[in-house]
Every structure is written in structure tokens, then in C-alpha cells.
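Text of the file structure_19.txt, holding compact mmCIF, C-alpha atoms:
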```
# COMPACT_ATOMS: atom_id res chain seq x y z
CA MET A 1 4.17 0.93 25.65
CA THR A 2 4.29 -2.72 26.59
CA SER A 3 4.64 -3.60 30.24
CA ALA A 4 6.95 -6.53 30.93
CA GLU A 5 4.47 -7.71 33.53
CA THR A 6 1.20 -7.48 31.67
CA GLY A 7 2.25 -7.71 28.02
CA PRO A 8 0.67 -5.67 25.25
CA LYS A 9 -2.73 -4.10 25.81
CA TRP A 10 -4.30 -5.64 22.71
CA ALA A 11 -4.34 -9.41 22.09
CA TYR A 12 -6.50 -11.57 19.82
CA GLU A 13 -9.28 -11.89 22.43
CA ASP A 14 -9.81 -8.12 22.53
CA PHE A 15 -10.91 -7.83 18.90
CA THR A 16 -14.61 -8.61 19.11
CA ALA A 17 -16.82 -8.27 16.03
CA GLY A 18 -18.26 -4.77 15.81
CA LEU A 19 -15.50 -3.13 17.83
CA SER A 20 -14.64 0.26 16.29
CA ILE A 21 -11.34 2.03 17.00
CA PRO A 22 -10.77 5.69 16.03
CA LEU A 23 -7.86 6.61 13.75
CA GLY A 24 -6.10 9.96 13.36
CA PRO A 25 -6.36 12.87 13.06
CA LYS A 26 -3.44 13.22 10.63
CA HIS A 27 -2.65 16.54 8.97
CA VAL A 28 -1.08 16.07 5.52
CA THR A 29 1.51 18.61 4.43
CA ALA A 30 2.77 19.45 0.95
CA ALA A 31 6.33 18.73 2.11
CA GLU A 32 5.58 15.16 3.14
CA ILE A 33 3.55 14.49 -0.01
CA ILE A 34 6.52 15.60 -2.12
CA GLU A 35 9.06 13.72 0.01
CA PHE A 36 7.21 10.39 -0.29
CA ALA A 37 6.54 10.86 -4.01
CA SER A 38 10.15 11.77 -4.74
CA GLU A 39 11.24 8.42 -3.38
CA PHE A 40 8.46 6.11 -4.53
CA ASP A 41 5.96 7.66 -6.98
CA ALA A 42 7.34 10.69 -8.82
CA GLN A 43 4.29 11.42 -10.96
CA PRO A 44 3.84 15.17 -11.54
CA MET A 45 0.55 15.45 -9.60
CA HIS A 46 2.34 14.17 -6.50
CA LEU A 47 5.29 16.58 -6.84
CA ASP A 48 3.93 19.91 -8.00
CA GLU A 49 0.88 22.00 -7.11
CA GLU A 50 0.38 23.29 -10.63
CA ALA A 51 0.67 19.83 -12.19
CA GLY A 52 -1.78 18.56 -9.57
CA ARG A 53 -4.31 21.26 -10.43
CA ALA A 54 -3.97 20.39 -14.12
CA SER A 55 -4.62 16.70 -13.39
CA ILE A 56 -7.92 15.01 -12.66
CA LEU A 57 -6.90 15.02 -8.98
CA GLY A 58 -7.33 18.80 -8.77
CA GLY A 59 -4.30 19.72 -6.65
CA LEU A 60 -1.03 18.52 -5.15
CA SER A 61 -2.16 15.09 -4.04
CA ALA A 62 -0.60 12.29 -2.06
CA SER A 63 0.43 9.11 -3.84
CA GLY A 64 -2.17 6.47 -3.05
CA TRP A 65 0.64 4.44 -1.51
CA HIS A 66 1.49 7.39 0.72
CA THR A 67 -2.12 7.38 1.93
CA CYS A 68 -1.71 3.66 2.67
CA ALA A 69 1.49 4.38 4.62
CA MET A 70 -0.18 7.19 6.60
CA PHE A 71 -3.08 4.83 7.32
CA MET A 72 -0.60 2.22 8.62
CA ARG A 73 0.90 4.84 10.92
CA MET A 74 -2.58 5.64 12.25
CA LEU A 75 -3.21 1.92 12.88
CA ALA A 76 0.18 1.62 14.59
CA ASP A 77 -0.52 4.54 16.88
CA ALA A 78 -4.09 3.43 17.61
CA PHE A 79 -3.30 -0.13 18.71
CA ILE A 80 -0.81 -2.15 16.65
CA LEU A 81 2.28 -1.00 18.54
CA ASP A 82 0.67 -2.02 21.85
CA SER A 83 -0.61 -5.35 20.55
CA THR A 84 0.47 -8.93 19.87
CA SER A 85 0.40 -8.25 16.09
CA GLN A 86 2.32 -10.75 13.98
CA GLY A 87 1.75 -8.92 10.71
CA ALA A 88 -0.71 -9.57 7.89
CA PRO A 89 -0.77 -11.86 4.86
CA GLY A 90 -2.09 -9.16 2.56
CA VAL A 91 -4.84 -6.70 1.77
CA ASP A 92 -8.31 -7.57 0.47
CA TYR A 93 -8.81 -4.19 -1.20
CA VAL A 94 -7.83 -0.53 -1.11
CA ARG A 95 -10.11 2.14 -2.57
CA TRP A 96 -8.67 5.58 -3.14
CA LYS A 97 -12.10 7.24 -3.25
CA ARG A 98 -10.96 10.85 -3.54
CA PRO A 99 -7.62 12.64 -3.75
CA VAL A 100 -5.77 13.36 -0.50
CA LEU A 101 -4.63 16.95 -1.00
CA ALA A 102 -1.94 19.03 0.70
CA GLY A 103 -3.53 20.66 3.74
CA ASP A 104 -6.11 17.92 4.30
CA THR A 105 -6.67 16.46 7.75
CA LEU A 106 -7.67 12.80 7.79
CA ASP A 107 -9.41 10.78 10.43
CA GLY A 108 -11.56 7.69 10.51
CA HIS A 109 -11.96 4.36 12.19
CA VAL A 110 -11.26 0.68 11.84
CA THR A 111 -13.99 -1.85 12.61
CA VAL A 112 -13.60 -5.54 13.43
CA LEU A 113 -15.67 -7.66 11.05
CA SER A 114 -14.81 -11.19 12.21
CA ARG A 115 -12.12 -13.33 13.76
CA ARG A 116 -11.02 -16.93 14.01
CA LEU A 117 -8.19 -18.92 15.52
CA SER A 118 -5.62 -20.38 13.16
CA ARG A 119 -6.20 -24.06 12.47
CA SER A 120 -2.48 -24.81 12.39
CA ARG A 121 -1.45 -22.56 15.31
CA PRO A 122 -4.15 -22.35 17.98
CA ASP A 123 -2.27 -19.59 19.85
CA LEU A 124 -2.59 -17.36 16.76
CA GLY A 125 -5.76 -15.56 15.70
CA LEU A 126 -6.82 -13.90 12.46
CA VAL A 127 -8.81 -10.69 12.76
CA THR A 128 -10.55 -9.24 9.69
CA MET A 129 -10.98 -5.48 9.78
CA GLU A 130 -12.32 -2.77 7.52
CA ALA A 131 -11.39 0.87 7.72
CA THR A 132 -12.35 4.22 6.26
CA LEU A 133 -10.64 7.59 6.31
CA ALA A 134 -12.33 10.93 5.55
CA ASN A 135 -11.03 14.45 5.07
CA GLN A 136 -12.01 17.62 6.95
CA ARG A 137 -15.05 17.96 4.66
CA ASP A 138 -16.29 14.51 5.75
CA GLU A 139 -15.61 13.15 2.27
CA THR A 140 -14.44 9.54 2.32
CA VAL A 141 -10.97 9.34 0.79
CA PHE A 142 -9.88 5.78 1.64
CA GLU A 143 -11.50 2.39 2.20
CA PHE A 144 -9.65 -0.76 3.15
CA ARG A 145 -10.09 -4.33 4.35
CA ASN A 146 -7.57 -6.90 5.48
CA THR A 147 -6.81 -9.59 8.04
CA ILE A 148 -4.18 -9.12 10.74
CA MET A 149 -2.62 -11.93 12.83
CA PHE A 150 -2.52 -11.51 16.61
CA LEU A 151 -1.24 -13.87 19.28
CA ALA A 152 -3.78 -14.97 21.84
CA ARG A 153 -3.29 -13.55 25.30
CA GLY A 154 -0.60 -15.40 27.16
CA ALA A 155 0.70 -17.16 24.05
CA ARG A 156 4.46 -17.68 24.15
CA ARG A 157 5.89 -14.90 21.96
CA MET B 158 11.53 11.46 -20.29
CA THR B 159 8.62 12.90 -22.21
CA SER B 160 9.32 14.54 -25.54
CA ALA B 161 7.30 17.69 -26.19
CA GLU B 162 6.88 16.56 -29.78
CA THR B 163 5.82 12.96 -29.34
CA GLY B 164 4.35 12.90 -25.81
CA PRO B 165 4.89 10.05 -23.36
CA LYS B 166 6.03 6.70 -24.70
CA TRP B 167 3.17 4.76 -23.09
CA ALA B 168 -0.51 5.61 -23.76
CA TYR B 169 -3.68 3.55 -23.30
CA GLU B 170 -3.36 1.94 -26.74
CA ASP B 171 0.02 0.41 -25.86
CA PHE B 172 -1.31 -1.78 -23.07
CA THR B 173 -2.48 -4.86 -24.95
CA ALA B 174 -3.72 -7.91 -23.05
CA GLY B 175 -0.85 -10.30 -22.34
CA LEU B 176 1.85 -7.63 -22.49
CA SER B 177 4.44 -8.30 -19.77
CA ILE B 178 6.82 -5.59 -18.54
CA PRO B 179 9.84 -6.41 -16.34
CA LEU B 180 10.22 -4.75 -12.94
CA GLY B 181 13.36 -4.22 -10.88
CA PRO B 182 15.85 -5.38 -9.80
CA LYS B 183 15.64 -3.59 -6.46
CA HIS B 184 18.11 -4.33 -3.66
CA VAL B 185 16.58 -3.85 -0.22
CA THR B 186 18.84 -2.57 2.54
CA ALA B 187 18.41 -2.74 6.31
CA ALA B 188 18.77 1.05 6.50
CA GLU B 189 15.81 1.70 4.19
CA ILE B 190 13.66 -0.93 5.92
CA ILE B 191 14.28 0.79 9.25
CA GLU B 192 13.78 4.30 7.82
CA PHE B 193 10.38 3.48 6.32
CA ALA B 194 9.24 1.58 9.42
CA SER B 195 10.33 4.37 11.75
CA GLU B 196 7.99 6.73 9.96
CA PHE B 197 5.03 4.50 9.14
CA ASP B 198 5.10 1.04 10.76
CA ALA B 199 7.32 0.87 13.84
CA GLN B 200 6.67 -2.77 14.72
CA PRO B 201 9.78 -4.43 16.21
CA MET B 202 10.29 -6.91 13.34
CA HIS B 203 10.64 -3.94 10.94
CA LEU B 204 13.14 -2.06 13.16
CA ASP B 205 15.50 -4.60 14.65
CA GLU B 206 17.29 -7.69 13.33
CA GLU B 207 16.99 -9.61 16.58
CA ALA B 208 13.29 -8.82 16.98
CA GLY B 209 12.79 -9.87 13.37
CA ARG B 210 14.52 -13.19 13.94
CA ALA B 211 12.33 -13.79 16.99
CA SER B 212 9.16 -13.10 14.96
CA ILE B 213 7.43 -15.41 12.49
CA LEU B 214 9.04 -13.33 9.71
CA GLY B 215 12.48 -14.73 10.54
CA GLY B 216 14.61 -11.59 10.19
CA LEU B 217 14.61 -7.81 9.80
CA SER B 218 11.76 -7.52 7.33
CA ALA B 219 10.23 -4.68 5.34
CA SER B 220 6.80 -3.41 6.32
CA GLY B 221 4.34 -4.76 3.78
CA TRP B 222 3.52 -1.16 2.93
CA HIS B 223 7.20 -0.54 2.25
CA THR B 224 7.14 -3.44 -0.22
CA CYS B 225 4.12 -1.77 -1.85
CA ALA B 226 6.01 1.53 -2.05
CA MET B 227 9.09 -0.17 -3.55
CA PHE B 228 6.79 -1.90 -6.03
CA MET B 229 5.32 1.49 -6.99
CA ARG B 230 8.83 2.81 -7.59
CA MET B 231 9.56 -0.16 -9.86
CA LEU B 232 6.34 0.54 -11.81
CA ALA B 233 7.25 4.22 -12.04
CA ASP B 234 10.70 3.46 -13.40
CA ALA B 235 9.43 0.77 -15.78
CA PHE B 236 6.76 2.85 -17.53
CA ILE B 237 4.48 5.03 -15.39
CA LEU B 238 6.76 8.10 -15.46
CA ASP B 239 6.88 7.97 -19.27
CA SER B 240 3.15 7.35 -19.68
CA THR B 241 -0.21 9.13 -19.79
CA SER B 242 -1.08 7.70 -16.32
CA GLN B 243 -3.88 9.51 -14.51
CA GLY B 244 -3.60 7.45 -11.35
CA ALA B 245 -5.68 4.55 -10.08
CA PRO B 246 -8.95 4.20 -8.18
CA GLY B 247 -7.61 1.52 -5.88
CA VAL B 248 -6.11 -1.93 -5.52
CA ASP B 249 -7.93 -5.22 -6.02
CA TYR B 250 -5.59 -7.15 -3.72
CA VAL B 251 -2.10 -7.29 -2.29
CA ARG B 252 -0.61 -10.58 -1.09
CA TRP B 253 2.52 -10.44 1.04
CA LYS B 254 3.45 -14.05 0.30
CA ARG B 255 6.78 -14.14 2.14
CA PRO B 256 8.83 -11.68 4.18
CA VAL B 257 11.05 -9.20 2.31
CA LEU B 258 14.27 -9.34 4.31
CA ALA B 259 17.22 -6.97 4.54
CA GLY B 260 19.66 -7.93 1.79
CA ASP B 261 17.02 -9.32 -0.55
CA THR B 262 16.97 -8.34 -4.22
CA LEU B 263 13.52 -8.19 -5.78
CA ASP B 264 12.44 -8.38 -9.37
CA GLY B 265 9.36 -9.42 -11.25
CA HIS B 266 6.95 -8.32 -13.89
CA VAL B 267 3.58 -6.73 -14.46
CA THR B 268 1.17 -8.24 -16.98
CA VAL B 269 -1.78 -6.58 -18.70
CA LEU B 270 -4.96 -8.59 -18.12
CA SER B 271 -7.57 -6.45 -19.87
CA ARG B 272 -8.49 -2.90 -20.80
CA ARG B 273 -11.50 -0.81 -21.71
CA LEU B 274 -12.28 2.81 -22.51
CA SER B 275 -14.15 4.83 -19.90
CA ARG B 276 -17.86 5.13 -20.66
CA SER B 277 -17.99 8.71 -19.37
CA ARG B 278 -14.66 9.89 -20.82
CA PRO B 279 -13.83 8.20 -24.12
CA ASP B 280 -10.30 9.68 -24.14
CA LEU B 281 -9.54 7.81 -20.90
CA GLY B 282 -8.79 4.10 -20.68
CA LEU B 283 -8.72 1.67 -17.78
CA VAL B 284 -5.99 -0.98 -17.83
CA THR B 285 -6.15 -3.92 -15.40
CA MET B 286 -2.77 -5.36 -14.47
CA GLU B 287 -1.41 -8.04 -12.20
CA ALA B 288 2.12 -8.17 -10.89
CA THR B 289 4.43 -10.46 -8.97
CA LEU B 290 7.77 -9.85 -7.30
CA ALA B 291 10.24 -12.57 -6.26
CA ASN B 292 13.44 -12.56 -4.24
CA GLN B 293 16.90 -13.77 -5.27
CA ARG B 294 15.86 -17.34 -4.39
CA ASP B 295 12.96 -17.12 -6.89
CA GLU B 296 10.48 -17.20 -4.04
CA THR B 297 7.39 -15.09 -4.73
CA VAL B 298 7.12 -12.36 -2.10
CA PHE B 299 4.40 -10.10 -3.51
CA GLU B 300 1.30 -10.42 -5.69
CA PHE B 301 -0.90 -7.55 -6.76
CA ARG B 302 -3.72 -6.57 -9.07
CA ASN B 303 -5.24 -3.18 -9.86
CA THR B 304 -6.57 -0.95 -12.61
CA ILE B 305 -4.67 2.15 -13.77
CA MET B 306 -6.16 5.00 -15.83
CA PHE B 307 -4.28 6.15 -18.94
CA LEU B 308 -5.18 8.81 -21.49
CA ALA B 309 -5.56 7.61 -25.04
CA ARG B 310 -2.82 8.72 -27.41
CA GLY B 311 -3.38 12.25 -28.57
CA ALA B 312 -5.98 13.00 -25.88
CA ARG B 313 -5.85 16.59 -24.66
CA ARG B 314 -3.94 16.40 -21.34
```

Encoding of this model in C-alpha cells:
Amino acid sequence: MTSAETGPKWAYEDFTAGLSIPLGPKHVTAAEIIEFASEFDAQPMHLDEEAGRASILGGLSASGWHTCAMFMRMLADAFILDSTSQGAPGVDYVRWKRPVLAGDTLDGHVTVLSRRLSRSRPDLGLVTMEATLANQRDETVFEFRNTIMFLARGARR
Amino acid sequence: MTSAETGPKWAYEDFTAGLSIPLGPKHVTAAEIIEFASEFDAQPMHLDEEAGRASILGGLSASGWHTCAMFMRMLADAFILDSTSQGAPGVDYVRWKRPVLAGDTLDGHVTVLSRRLSRSRPDLGLVTMEATLANQRDETVFEFRNTIMFLARGARR
């Protein structure tokens, strides 16, 4: 995705406050819910349709961490993989507002809240973003905020 | 793990403030770092040793979301899978304090901060926990806080 001549499409300077970038759509299958849960979060409601229906989640539902991972993939595809991203120091919050159920299709957007250059490394910028994902019924399922580090355009990588 | 006669080992009442439960150890391999990143977070420093060394992370490093997923697995193995857990509404914060590198071994603990019964469902309790993970050099790599819902002992599941 990155051209050797021009560098990545997205650098620190491109993330202006108010910018909104679409995410998804991502269709969520029962098989991938079960695969993720089997490795990382083998609670019954993430492994079995009947156990999911019997739980307060109401059906076979993705581990909240699986939703986070799917969200990361949406971010990656939307801009991170064609950017000067240097990673992130953490997450301000995650809200799993509703269950993500097998068969759901998620989409949403990420919005730039603010940015600043690093005091210690002036070629590095910190961009604070919030994001939401909704299902095919327009019900919000996921809310998120964090700060991602991006090199300024032309910074030595 | 759950006995039909006694139910899960861990119910709401067992999570007293100050209780500390050990997590891990978990050895992190290059293969699993690359596998997770290939699916969810295909940034070069999560896919390739050389690209990792060239980044500010200093080596082939796990996606922060992979660290979260490994943390969830440690929680599951420590007590969640033998508990009355009903899931969690979200995460208060995640701090990726240092890179998790291929070859690292992580361990840590989770500590109960406080708990309260749900106002709307008195058989359901909310337990707030914080956790830290460190590597084999005793460097903290991960800090976390959230609230998990557990049924009270004897509640109808």
C-alpha cells in the first residue's frame, strides 16, 4: 500500500480534529466467534448458541475482546496500514454496549478529537480518536477512545 | 470444572476487596504474535522481527489487542471459567506500558477493588478489578481495570 516514493498516505498532519473515517462493514460469523473464544475466552456464551440464548447476552455472542480485535482490523484496513502509525500507549475506555451476535454486520466510524506533537520527539504526533460500531439494526454495540502515535510527514522512519 | 452439585467455585460473594489472584505464566511465541497480527493488526512491527527492531517497539512485538486477548485467557484459566461470570460492560482503561516481545513470559495478578449488587437485579453483582502483567525482567507491560458481572451464589442461572 505504501509507495516508496511518497510514503504512507496517512501521516500525523492528516488527522485534523473532526475528521471522520468510516469503518467496516464486517460480517461476524458463528465460526469465527467460536474460534476466537476457544483460544482466548472460552465462556459458554461465546462457544455455544444454546448457552448464549440462556445467558443475558441472548445468543451466541462474540467475546468483547474479539469485538476489540475486529475493530482493530477495521482500523487497520481503513487507514492504519497505510499510515505512519507507531502504535498506541493504551486505551482510554471500551464500552461493550450490546452483544455482538453471530450473523451481525458491524460498521461505524472513527473521529479525530484532538492532536498534539510529542514534547520529547517533535517528529512524532499523538492523535486522540473516538470510535463507535453499530449492528445492522443501527444499535450501538461498541464505543472506544484512545490515542495513537503517528510520525509527522517526512520524519525519518 | 463446574460440579452439578455445588455450582461454580467462584460467585459474587467470593470477590472480597483486596483479594489478589495470580495470573499466568504465559510464554509468548513469535508464531502466535504473527498469527494474531495477520488476522487483526497487520502492522509491520507485529509481523516481522526486522521491522520490529526498526520500530520504537524494539523487536517483533505483540499487537496490544493480542496482549489483551492473552490477558483474557489468563483470567479465564485463573477463575472466570469456574465462576458465575455474566460478562462485562466494558473496560475502564488499558495501558500498554512496554512492548510484549517474542520470547517474553508474562505473569501478574488481578486484585479486587470493590463490589456492589446490581440495583435492578439483586442476584447479580458487579466486581471492579485491576490487573497488571509483567515480563520475565519484572517490567510492567500491561495495566487494566474493569468491572465484571457475577451471579450471587445460589442465584437461578

Transformed chain B, reference chain A, in-order C-alpha pairing, as a CSV table (one decimal) with C-alpha atoms, in the coordinates of the input:
```csv
chain,number,residue,atom,x,y,z
B,158,MET,CA,4.2,0.9,25.6
B,159,THR,CA,4.3,-2.8,26.6
B,160,SER,CA,4.6,-3.6,30.3
B,161,ALA,CA,6.9,-6.6,31.0
B,162,GLU,CA,4.4,-7.7,33.6
B,163,THR,CA,1.1,-7.5,31.7
B,164,GLY,CA,2.2,-7.7,28.0
B,165,PRO,CA,0.7,-5.7,25.3
B,166,LYS,CA,-2.7,-4.1,25.8
B,167,TRP,CA,-4.3,-5.6,22.7
B,168,ALA,CA,-4.3,-9.4,22.1
B,169,TYR,CA,-6.5,-11.6,19.8
B,170,GLU,CA,-9.3,-11.9,22.4
B,171,ASP,CA,-9.8,-8.1,22.5
B,172,PHE,CA,-10.9,-7.8,18.9
B,173,THR,CA,-14.6,-8.6,19.1
B,174,ALA,CA,-16.8,-8.3,16.0
B,175,GLY,CA,-18.3,-4.8,15.8
B,176,LEU,CA,-15.5,-3.1,17.8
B,177,SER,CA,-14.6,0.3,16.3
B,178,ILE,CA,-11.3,2.0,17.0
B,179,PRO,CA,-10.8,5.7,16.0
B,180,LEU,CA,-7.9,6.6,13.8
B,181,GLY,CA,-6.1,9.9,13.4
B,182,PRO,CA,-6.3,12.9,13.1
B,183,LYS,CA,-3.4,13.2,10.6
B,184,HIS,CA,-2.6,16.5,9.0
B,185,VAL,CA,-1.1,16.1,5.5
B,186,THR,CA,1.5,18.6,4.4
B,187,ALA,CA,2.8,19.4,0.9
B,188,ALA,CA,6.3,18.7,2.1
B,189,GLU,CA,5.6,15.2,3.1
B,190,ILE,CA,3.5,14.5,0.0
B,191,ILE,CA,6.5,15.6,-2.1
B,192,GLU,CA,9.1,13.7,0.0
B,193,PHE,CA,7.2,10.4,-0.3
B,194,ALA,CA,6.5,10.9,-4.0
B,195,SER,CA,10.1,11.8,-4.8
B,196,GLU,CA,11.2,8.4,-3.4
B,197,PHE,CA,8.4,6.1,-4.5
B,198,ASP,CA,5.9,7.7,-7.0
B,199,ALA,CA,7.3,10.7,-8.8
B,200,GLN,CA,4.3,11.4,-11.0
B,201,PRO,CA,3.8,15.2,-11.6
B,202,MET,CA,0.5,15.4,-9.6
B,203,HIS,CA,2.3,14.2,-6.5
B,204,LEU,CA,5.3,16.6,-6.9
B,205,ASP,CA,3.9,19.9,-8.0
B,206,GLU,CA,0.9,22.0,-7.1
B,207,GLU,CA,0.4,23.3,-10.6
B,208,ALA,CA,0.7,19.8,-12.2
B,209,GLY,CA,-1.8,18.6,-9.6
B,210,ARG,CA,-4.3,21.3,-10.4
B,211,ALA,CA,-4.0,20.4,-14.1
B,212,SER,CA,-4.6,16.7,-13.4
B,213,ILE,CA,-7.9,15.0,-12.7
B,214,LEU,CA,-6.9,15.0,-9.0
B,215,GLY,CA,-7.3,18.8,-8.8
B,216,GLY,CA,-4.3,19.7,-6.7
B,217,LEU,CA,-1.0,18.5,-5.1
B,218,SER,CA,-2.2,15.1,-4.0
B,219,ALA,CA,-0.6,12.3,-2.0
B,220,SER,CA,0.4,9.1,-3.9
B,221,GLY,CA,-2.2,6.5,-3.0
B,222,TRP,CA,0.6,4.4,-1.5
B,223,HIS,CA,1.5,7.4,0.7
B,224,THR,CA,-2.1,7.4,1.9
B,225,CYS,CA,-1.7,3.7,2.7
B,226,ALA,CA,1.5,4.4,4.6
B,227,MET,CA,-0.2,7.2,6.6
B,228,PHE,CA,-3.1,4.8,7.3
B,229,MET,CA,-0.6,2.2,8.6
B,230,ARG,CA,0.9,4.9,10.9
B,231,MET,CA,-2.6,5.7,12.2
B,232,LEU,CA,-3.2,1.9,12.9
B,233,ALA,CA,0.2,1.6,14.6
B,234,ASP,CA,-0.5,4.6,16.9
B,235,ALA,CA,-4.1,3.4,17.6
B,236,PHE,CA,-3.3,-0.1,18.7
B,237,ILE,CA,-0.8,-2.1,16.6
B,238,LEU,CA,2.3,-1.0,18.5
B,239,ASP,CA,0.7,-2.0,21.9
B,240,SER,CA,-0.6,-5.3,20.5
B,241,THR,CA,0.5,-8.9,19.9
B,242,SER,CA,0.4,-8.2,16.1
B,243,GLN,CA,2.3,-10.7,14.0
B,244,GLY,CA,1.7,-8.9,10.7
B,245,ALA,CA,-0.7,-9.6,7.9
B,246,PRO,CA,-0.8,-11.8,4.9
B,247,GLY,CA,-2.1,-9.2,2.6
B,248,VAL,CA,-4.8,-6.7,1.8
B,249,ASP,CA,-8.3,-7.6,0.5
B,250,TYR,CA,-8.8,-4.2,-1.2
B,251,VAL,CA,-7.8,-0.5,-1.1
B,252,ARG,CA,-10.1,2.1,-2.6
B,253,TRP,CA,-8.7,5.6,-3.1
B,254,LYS,CA,-12.1,7.2,-3.3
B,255,ARG,CA,-11.0,10.9,-3.6
B,256,PRO,CA,-7.6,12.6,-3.8
B,257,VAL,CA,-5.8,13.4,-0.5
B,258,LEU,CA,-4.6,16.9,-1.0
B,259,ALA,CA,-1.9,19.0,0.7
B,260,GLY,CA,-3.5,20.6,3.7
B,261,ASP,CA,-6.1,17.9,4.3
B,262,THR,CA,-6.7,16.5,7.8
B,263,LEU,CA,-7.7,12.8,7.8
B,264,ASP,CA,-9.4,10.8,10.4
B,265,GLY,CA,-11.6,7.7,10.5
B,266,HIS,CA,-12.0,4.4,12.2
B,267,VAL,CA,-11.3,0.7,11.8
B,268,THR,CA,-14.0,-1.9,12.6
B,269,VAL,CA,-13.6,-5.5,13.4
B,270,LEU,CA,-15.7,-7.7,11.1
B,271,SER,CA,-14.8,-11.2,12.2
B,272,ARG,CA,-12.1,-13.3,13.8
B,273,ARG,CA,-11.0,-16.9,14.0
B,274,LEU,CA,-8.2,-18.9,15.5
B,275,SER,CA,-5.6,-20.4,13.1
B,276,ARG,CA,-6.2,-24.1,12.4
B,277,SER,CA,-2.4,-24.8,12.4
B,278,ARG,CA,-1.4,-22.6,15.3
B,279,PRO,CA,-4.1,-22.4,18.0
B,280,ASP,CA,-2.3,-19.6,19.8
B,281,LEU,CA,-2.6,-17.4,16.7
B,282,GLY,CA,-5.7,-15.6,15.7
B,283,LEU,CA,-6.8,-13.9,12.5
B,284,VAL,CA,-8.8,-10.7,12.8
B,285,THR,CA,-10.5,-9.2,9.7
B,286,MET,CA,-11.0,-5.5,9.8
B,287,GLU,CA,-12.3,-2.8,7.5
B,288,ALA,CA,-11.4,0.9,7.7
B,289,THR,CA,-12.3,4.2,6.3
B,290,LEU,CA,-10.6,7.6,6.3
B,291,ALA,CA,-12.3,10.9,5.6
B,292,ASN,CA,-11.0,14.5,5.1
B,293,GLN,CA,-12.0,17.6,7.0
B,294,ARG,CA,-15.1,18.0,4.7
B,295,ASP,CA,-16.3,14.5,5.8
B,296,GLU,CA,-15.6,13.2,2.3
B,297,THR,CA,-14.4,9.5,2.3
B,298,VAL,CA,-11.0,9.3,0.8
B,299,PHE,CA,-9.9,5.8,1.6
B,300,GLU,CA,-11.5,2.4,2.2
B,301,PHE,CA,-9.6,-0.8,3.2
B,302,ARG,CA,-10.1,-4.3,4.4
B,303,ASN,CA,-7.6,-6.9,5.5
B,304,THR,CA,-6.8,-9.6,8.0
B,305,ILE,CA,-4.2,-9.1,10.7
B,306,MET,CA,-2.6,-11.9,12.8
B,307,PHE,CA,-2.5,-11.5,16.6
B,308,LEU,CA,-1.2,-13.9,19.3
B,309,ALA,CA,-3.8,-15.0,21.8
B,310,ARG,CA,-3.3,-13.6,25.3
B,311,GLY,CA,-0.6,-15.4,27.2
B,312,ALA,CA,0.7,-17.2,24.1
B,313,ARG,CA,4.5,-17.7,24.2
B,314,ARG,CA,5.9,-14.9,22.0
```

| message | Using only C-alpha atoms, I'd like every residue of chain A that has an atom within 7 Å of chain B; please write them out as a count of residues only. | response | 19

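Near Ser218 in chain B, within 9 Å and counting all atoms listed in the file, sit Ala187, Ile190, Ile191, Met202, His203, Leu204, Asp205, Glu206, Gly209, Leu214, Pro256, Val257, Leu258 and Ala259 of chain B, not including residues fewer than 4 positions from it in the same chain.
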
Would you export the selected residues with C-alpha atoms as a CSV table (one decimal), in the coordinates of the input, please?
```csv
chain,number,residue,atom,x,y,z
B,187,ALA,CA,18.4,-2.7,6.3
B,190,ILE,CA,13.7,-0.9,5.9
B,191,ILE,CA,14.3,0.8,9.2
B,202,MET,CA,10.3,-6.9,13.3
B,203,HIS,CA,10.6,-3.9,10.9
B,204,LEU,CA,13.1,-2.1,13.2
B,205,ASP,CA,15.5,-4.6,14.6
B,206,GLU,CA,17.3,-7.7,13.3
B,209,GLY,CA,12.8,-9.9,13.4
B,214,LEU,CA,9.0,-13.3,9.7
B,256,PRO,CA,8.8,-11.7,4.2
B,257,VAL,CA,11.0,-9.2,2.3
B,258,LEU,CA,14.3,-9.3,4.3
B,259,ALA,CA,17.2,-7.0,4.5
```

| query | Contacts of Gly175 in chain B at 10 Å or less, counting all atoms listed in the file, minus same-chain residues fewer than 6 places along, as an MDAnalysis selection string? | reply | chainID B and resid 267:271 286

| task | Enter the distance from CA of Glu50 in chain A to CA of Thr67 in chain A, in Å, rounded to one decimal. | result | 20.4 Å

| said: Could you tell me how far CA of Leu60 in chain A sits from CA of Arg278 in chain B, in Å to one decimal place? | reply: 22.5 Å

| task | Give me the residues within 9 Å of Leu151 in chain A as a list of chain:residue names, counting only C-alpha atoms and dropping any in the same chain fewer than 4 places off. | result |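 Result of the neighbour search: A:Ala11, A:Tyr12, A:Glu13, A:Ser83, A:Thr84, A:Ser85, A:Gln86, A:Asp123, A:Leu124, A:Gly125, A:Leu126, A:Ala155, A:Arg156, A:Arg157.
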
| field | Å distance separating CA of Thr147 in chain A from CA of Ser118 in chain A, one decimal place | value |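 CA of Thr147 in chain A sits 12.0 Å away from CA of Ser118 in chain A.
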
| said: I'd like the contact shell of Leu263 in chain B - 10 Å cut-off, all atoms listed in the file, skipping same-chain residues fewer than 3 positions apart - returned as a ChimeraX atom specification. | reply: /B:180-185,224,227-228,231,257,260,289-299

| query | Between A:Glu32, A:Asp14, A:Glu130, A:Asp104, which is the closest to Arg153 in chain A once you count all atoms listed in the file? | reply |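 Of A:Glu32, A:Asp14, A:Glu130, A:Asp104, the one nearest Arg153 in chain A is A:Asp14, counting all atoms listed in the file.
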
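By only C-alpha atoms, and with residues fewer than 6 positions from Pro22 in chain A along its chain excluded, the set lying at most 8 Å from it is Ala78, Asp107, Gly108, His109 and Val110 of chain A.
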
Selected residues written out, C-alpha atoms, as a PDB file, keeping the file's coordinate frame:
```pdb
ATOM      1  CA  ALA A  78      -4.090   3.430  17.610  1.00  0.00           C
ATOM      2  CA  ASP A 107      -9.410  10.780  10.430  1.00  0.00           C
ATOM      3  CA  GLY A 108     -11.560   7.690  10.510  1.00  0.00           C
ATOM      4  CA  HIS A 109     -11.960   4.360  12.190  1.00  0.00           C
ATOM      5  CA  VAL A 110     -11.260   0.680  11.840  1.00  0.00           C
TER       6      VAL A 110
END
```
